$ cat final.pdb   # PDB, C-alpha atoms, pLDDT in the B column
ATOM      1  CA  MET K 293     -47.699 135.442  57.202  1.00 75.00           C
ATOM      2  CA  ASN K 294     -43.943 135.876  56.829  1.00 82.00           C
ATOM      3  CA  LEU K 295     -41.806 137.184  59.688  1.00 78.00           C
ATOM      4  CA  ASP K 296     -41.198 140.616  58.153  1.00 87.00           C
ATOM      5  CA  THR K 297     -44.913 141.225  57.664  1.00 91.00           C
ATOM      6  CA  LYS K 298     -45.666 139.923  61.146  1.00 94.00           C
ATOM      7  CA  GLU K 299     -43.082 142.247  62.690  1.00 94.00           C
ATOM      8  CA  LYS K 300     -44.463 145.185  60.706  1.00 96.00           C
ATOM      9  CA  PHE K 301     -47.974 144.481  62.059  1.00 97.00           C
ATOM     10  CA  LEU K 302     -46.558 144.030  65.568  1.00 97.00           C
ATOM     11  CA  ARG K 303     -44.873 147.436  65.378  1.00 97.00           C
ATOM     12  CA  ILE K 304     -48.136 149.006  64.227  1.00 98.00           C
ATOM     13  CA  ALA K 305     -50.064 147.258  67.033  1.00 98.00           C
ATOM     14  CA  LEU K 306     -47.521 148.414  69.626  1.00 98.00           C
ATOM     15  CA  ILE K 307     -47.882 152.004  68.485  1.00 98.00           C
ATOM     16  CA  VAL K 308     -51.683 151.936  68.146  1.00 98.00           C
ATOM     17  CA  PHE K 309     -52.356 150.196  71.470  1.00 97.00           C
ATOM     18  CA  GLY K 310     -49.612 152.227  73.132  1.00 98.00           C
ATOM     19  CA  LEU K 311     -51.235 155.485  72.006  1.00 97.00           C
ATOM     20  CA  VAL K 312     -54.684 154.278  73.046  1.00 96.00           C
ATOM     21  CA  PHE K 313     -53.361 153.332  76.486  1.00 96.00           C
ATOM     22  CA  SER K 314     -51.347 156.524  76.957  1.00 95.00           C
ATOM     23  CA  VAL K 315     -53.707 159.175  75.556  1.00 95.00           C
ATOM     24  CA  GLY K 316     -56.919 157.460  74.425  1.00 92.00           C
ATOM     25  CA  LEU K 317     -58.314 155.863  77.560  1.00 90.00           C
ATOM     26  CA  LEU K 318     -59.079 159.081  79.406  1.00 90.00           C
ATOM     27  CA  PRO K 319     -61.270 160.530  76.624  1.00 90.00           C
ATOM     28  CA  MET K 320     -63.032 157.164  76.205  1.00 89.00           C
ATOM     29  CA  THR K 321     -63.878 157.072  79.925  1.00 89.00           C
ATOM     30  CA  ILE K 322     -65.314 160.586  79.674  1.00 88.00           C
ATOM     31  CA  LEU K 323     -67.225 160.098  76.404  1.00 90.00           C
ATOM     32  CA  PHE K 324     -68.475 156.542  77.058  1.00 88.00           C
ATOM     33  CA  PRO K 325     -68.384 155.998  80.825  1.00 84.00           C
ATOM     34  CA  ASP K 326     -70.884 153.119  80.804  1.00 84.00           C
ATOM     35  CA  SER K 327     -68.638 151.036  78.522  1.00 81.00           C
ATOM     36  CA  TRP K 328     -65.294 152.010  80.062  1.00 85.00           C
ATOM     37  CA  MET K 329     -65.914 152.659  83.773  1.00 85.00           C
ATOM     38  CA  TRP K 330     -67.410 150.635  86.608  1.00 82.00           C
ATOM     39  CA  GLU K 331     -69.900 151.437  89.347  1.00 81.00           C
ATOM     40  CA  PRO K 332     -69.601 152.695  91.947  1.00 80.00           C
ATOM     41  CA  ARG K 333     -67.255 155.314  90.520  1.00 79.00           C
ATOM     42  CA  HIS K 334     -64.060 155.888  92.510  1.00 81.00           C
ATOM     43  CA  LYS K 335     -62.124 158.889  91.234  1.00 86.00           C
ATOM     44  CA  GLU K 336     -58.904 157.867  93.026  1.00 90.00           C
ATOM     45  CA  TYR K 337     -59.006 154.307  91.661  1.00 89.00           C
ATOM     46  CA  GLU K 338     -59.763 155.572  88.153  1.00 89.00           C
ATOM     47  CA  GLN K 339     -56.812 157.981  88.258  1.00 92.00           C
ATOM     48  CA  MET K 340     -54.470 155.201  89.397  1.00 94.00           C
ATOM     49  CA  ILE K 341     -55.518 152.696  86.720  1.00 92.00           C
ATOM     50  CA  LEU K 342     -55.375 155.355  83.985  1.00 93.00           C
ATOM     51  CA  ALA K 343     -51.886 156.378  85.153  1.00 95.00           C
ATOM     52  CA  ILE K 344     -50.674 152.761  85.058  1.00 96.00           C
ATOM     53  CA  TYR K 345     -52.086 152.256  81.561  1.00 95.00           C
ATOM     54  CA  ALA K 346     -50.574 155.560  80.391  1.00 96.00           C
ATOM     55  CA  VAL K 347     -47.115 154.426  81.489  1.00 97.00           C
ATOM     56  CA  LEU K 348     -47.627 151.005  79.899  1.00 97.00           C
ATOM     57  CA  GLY K 349     -48.697 152.745  76.693  1.00 97.00           C
ATOM     58  CA  ILE K 350     -45.533 154.841  76.591  1.00 98.00           C
ATOM     59  CA  PHE K 351     -43.409 151.714  77.006  1.00 98.00           C
ATOM     60  CA  LEU K 352     -45.345 149.914  74.251  1.00 98.00           C
ATOM     61  CA  VAL K 353     -44.673 152.787  71.849  1.00 98.00           C
ATOM     62  CA  MET K 354     -40.974 152.678  72.770  1.00 98.00           C
ATOM     63  CA  ALA K 355     -40.948 148.887  72.250  1.00 98.00           C
ATOM     64  CA  ALA K 356     -42.106 149.346  68.640  1.00 97.00           C
ATOM     65  CA  LYS K 357     -38.547 150.290  67.674  1.00 97.00           C
ATOM     66  CA  GLU K 358     -37.131 146.861  68.551  1.00 96.00           C
ATOM     67  CA  PRO K 359     -39.969 144.458  69.432  1.00 96.00           C
ATOM     68  CA  ALA K 360     -37.681 141.433  69.770  1.00 94.00           C
ATOM     69  CA  GLN K 361     -35.831 143.216  72.578  1.00 96.00           C
ATOM     70  CA  HIS K 362     -39.090 143.694  74.474  1.00 97.00           C
ATOM     71  CA  ARG K 363     -40.594 140.191  74.410  1.00 96.00           C
ATOM     72  CA  SER K 364     -41.309 140.162  78.141  1.00 96.00           C
ATOM     73  CA  LEU K 365     -43.155 143.511  78.016  1.00 97.00           C
ATOM     74  CA  ILE K 366     -45.248 142.340  75.066  1.00 98.00           C
ATOM     75  CA  SER K 367     -45.962 139.014  76.763  1.00 97.00           C
ATOM     76  CA  PHE K 368     -46.866 140.739  80.033  1.00 97.00           C
ATOM     77  CA  THR K 369     -49.222 143.079  78.169  1.00 98.00           C
ATOM     78  CA  ALA K 370     -50.868 140.154  76.375  1.00 98.00           C
ATOM     79  CA  TRP K 371     -51.386 137.935  79.409  1.00 98.00           C
ATOM     80  CA  SER K 372     -52.299 140.693  81.858  1.00 97.00           C
ATOM     81  CA  SER K 373     -54.867 142.006  79.352  1.00 97.00           C
ATOM     82  CA  LEU K 374     -56.425 138.561  78.975  1.00 98.00           C
ATOM     83  CA  VAL K 375     -56.576 138.011  82.746  1.00 98.00           C
ATOM     84  CA  HIS K 376     -57.894 141.535  83.385  1.00 96.00           C
ATOM     85  CA  GLY K 377     -60.500 141.081  80.639  1.00 97.00           C
ATOM     86  CA  GLY K 378     -61.473 137.654  81.989  1.00 97.00           C
ATOM     87  CA  VAL K 379     -62.047 138.955  85.497  1.00 96.00           C
ATOM     88  CA  MET K 380     -64.068 141.875  84.157  1.00 94.00           C
ATOM     89  CA  LEU K 381     -66.068 139.550  81.889  1.00 96.00           C
ATOM     90  CA  LEU K 382     -67.153 137.448  84.866  1.00 96.00           C
ATOM     91  CA  GLN K 383     -67.980 140.562  86.893  1.00 95.00           C
ATOM     92  CA  ALA K 384     -69.971 142.126  84.026  1.00 94.00           C
ATOM     93  CA  LEU K 385     -71.938 138.925  83.465  1.00 96.00           C
ATOM     94  CA  ARG K 386     -72.751 138.689  87.163  1.00 95.00           C
ATOM     95  CA  ASP K 387     -73.757 142.347  87.597  1.00 94.00           C
ATOM     96  CA  PRO K 388     -76.477 143.619  85.232  1.00 92.00           C
ATOM     97  CA  THR K 389     -75.456 147.240  85.844  1.00 91.00           C
ATOM     98  CA  GLU K 390     -72.101 146.467  84.210  1.00 91.00           C
ATOM     99  CA  HIS K 391     -73.363 144.795  81.014  1.00 92.00           C
ATOM    100  CA  ALA K 392     -72.328 147.851  78.944  1.00 91.00           C
ATOM    101  CA  ASN K 393     -68.706 146.928  79.674  1.00 91.00           C
ATOM    102  CA  LEU K 394     -69.247 143.840  77.514  1.00 93.00           C
ATOM    103  CA  CYS K 395     -69.189 146.282  74.566  1.00 93.00           C
ATOM    104  CA  GLY K 396     -66.257 148.384  75.782  1.00 92.00           C
ATOM    105  CA  ASP K 397     -63.286 147.542  77.932  1.00 93.00           C
ATOM    106  CA  VAL K 398     -63.847 143.771  78.116  1.00 95.00           C
ATOM    107  CA  PRO K 399     -63.550 143.059  74.349  1.00 96.00           C
ATOM    108  CA  ALA K 400     -60.816 145.693  74.054  1.00 96.00           C
ATOM    109  CA  LEU K 401     -58.663 143.884  76.599  1.00 97.00           C
ATOM    110  CA  PHE K 402     -59.223 140.553  74.867  1.00 98.00           C
ATOM    111  CA  ALA K 403     -58.261 142.160  71.541  1.00 98.00           C
ATOM    112  CA  VAL K 404     -55.014 143.507  73.004  1.00 98.00           C
ATOM    113  CA  GLY K 405     -54.165 140.135  74.533  1.00 98.00           C
ATOM    114  CA  PHE K 406     -54.874 138.049  71.445  1.00 98.00           C
ATOM    115  CA  VAL K 407     -53.170 140.463  69.028  1.00 98.00           C
ATOM    116  CA  PHE K 408     -49.977 140.515  71.070  1.00 98.00           C
ATOM    117  CA  LEU K 409     -50.001 136.738  71.576  1.00 97.00           C
ATOM    118  CA  TRP K 410     -50.456 136.240  67.833  1.00 96.00           C
ATOM    119  CA  LEU K 411     -47.946 138.850  66.663  1.00 97.00           C
ATOM    120  CA  GLY K 412     -45.489 138.811  69.552  1.00 94.00           C
ATOM    121  CA  PRO K 413     -41.884 137.922  68.816  1.00 88.00           C
ATOM    122  CA  ARG K 414     -40.934 134.359  69.550  1.00 83.00           C
ATOM    123  CA  LYS K 415     -37.913 133.389  71.560  1.00 77.00           C
ATOM    124  CA  PRO K 416     -35.036 132.799  69.164  1.00 71.00           C
ATOM    125  CA  THR K 417     -34.305 129.146  68.615  1.00 64.00           C
ATOM    126  CA  SER K 418     -30.739 128.053  69.085  1.00 62.00           C
ATOM    127  CA  VAL K 419     -29.096 126.374  66.152  1.00 60.00           C
ATOM    128  CA  THR K 420     -26.600 123.668  66.933  1.00 61.00           C
ATOM    129  CA  VAL K 421     -23.904 122.916  64.443  1.00 66.00           C
ATOM    130  CA  HIS K 422     -22.396 119.439  64.566  1.00 63.00           C
TER     131      HIS K 422
END
$ encode --input "final.pdb" --output "structure tokens"
Amino acid sequence: MNLDTKEKFLRIALIVFGLVFSVGLLPMTILFPDSWMWEPRHKEYEQMILAIYAVLGIFLVMAAKEPAQHRSLISFTAWSSLVHGGVMLLQALRDPTEHANLCGDVPALFAVGFVFLWLGPRKPTSVTVH
């Protein structure tokens, strides 16, 4: 995939995941709570995590304008999603009441992480002229 196509897909991914984080997570937790929420339910915790993801989503949408200028945000989103998904994967495997999350937030977080690692802008290489 050439760099222009890769950047185009990265911009699309930033907007799509940014919108999902900022406005899509709340409806998903209401419509499909077994796949997107954890037991026991803690309203305060849920509000905090949704607020953090909403802010992250807004920043991802803003980063779509100039992805190369936001490498650290994209990298943070990728790695934190993979770690968050990994922790939740282990918890869901250990707790049978959380197995539904294996079809919801766990694969979604892995998807976010891998997409941003694959599409994320690379650090510019310096060219030395002799």
$ closest_residue --input "final.pdb" --among "K:Arg386, K:His376, K:Lys335, K:Arg303" --to "His362 (chain K)" --atoms "all atoms listed in the file"
K:Arg303
$ resolve_selection --input "final.pdb" --expression "the PyMOL selection byres ((chain K and resi 363) around 8)" --output "list in words"
Pro359, Ala360, Gln361, His362, Ser364, Leu365, Ile366, Ser367, Gly412, Pro413, Arg414 and Lys415 of chain K
$ write_last_selection --input "final.pdb" --atoms "C-alpha atoms" --output "PDB file, in the coordinates of the input"
ATOM      1  CA  PRO K 359     -39.969 144.458  69.432  1.00 96.00           C
ATOM      2  CA  ALA K 360     -37.681 141.433  69.770  1.00 94.00           C
ATOM      3  CA  GLN K 361     -35.831 143.216  72.578  1.00 96.00           C
ATOM      4  CA  HIS K 362     -39.090 143.694  74.474  1.00 97.00           C
ATOM      5  CA  SER K 364     -41.309 140.162  78.141  1.00 96.00           C
ATOM      6  CA  LEU K 365     -43.155 143.511  78.016  1.00 97.00           C
ATOM      7  CA  ILE K 366     -45.248 142.340  75.066  1.00 98.00           C
ATOM      8  CA  SER K 367     -45.962 139.014  76.763  1.00 97.00           C
ATOM      9  CA  GLY K 412     -45.489 138.811  69.552  1.00 94.00           C
ATOM     10  CA  PRO K 413     -41.884 137.922  68.816  1.00 88.00           C
ATOM     11  CA  ARG K 414     -40.934 134.359  69.550  1.00 83.00           C
ATOM     12  CA  LYS K 415     -37.913 133.389  71.560  1.00 77.00           C
TER      13      LYS K 415
END
$ closest_residue --input "final.pdb" --among "K:Ile341, K:Ala305, K:Cys395, K:Val312" --to "Trp328 (chain K)" --atoms "all atoms listed in the file"
K:Cys395
$ atom_distance --input "final.pdb" --atom1 "CA of Phe402 (chain K)" --atom2 "CA of Ala384 (chain K)"
14.2 Å
$ atom_distance --input "final.pdb" --atom1 "CA of Leu411 (chain K)" --atom2 "CA of Leu302 (chain K)"
5.5 Å
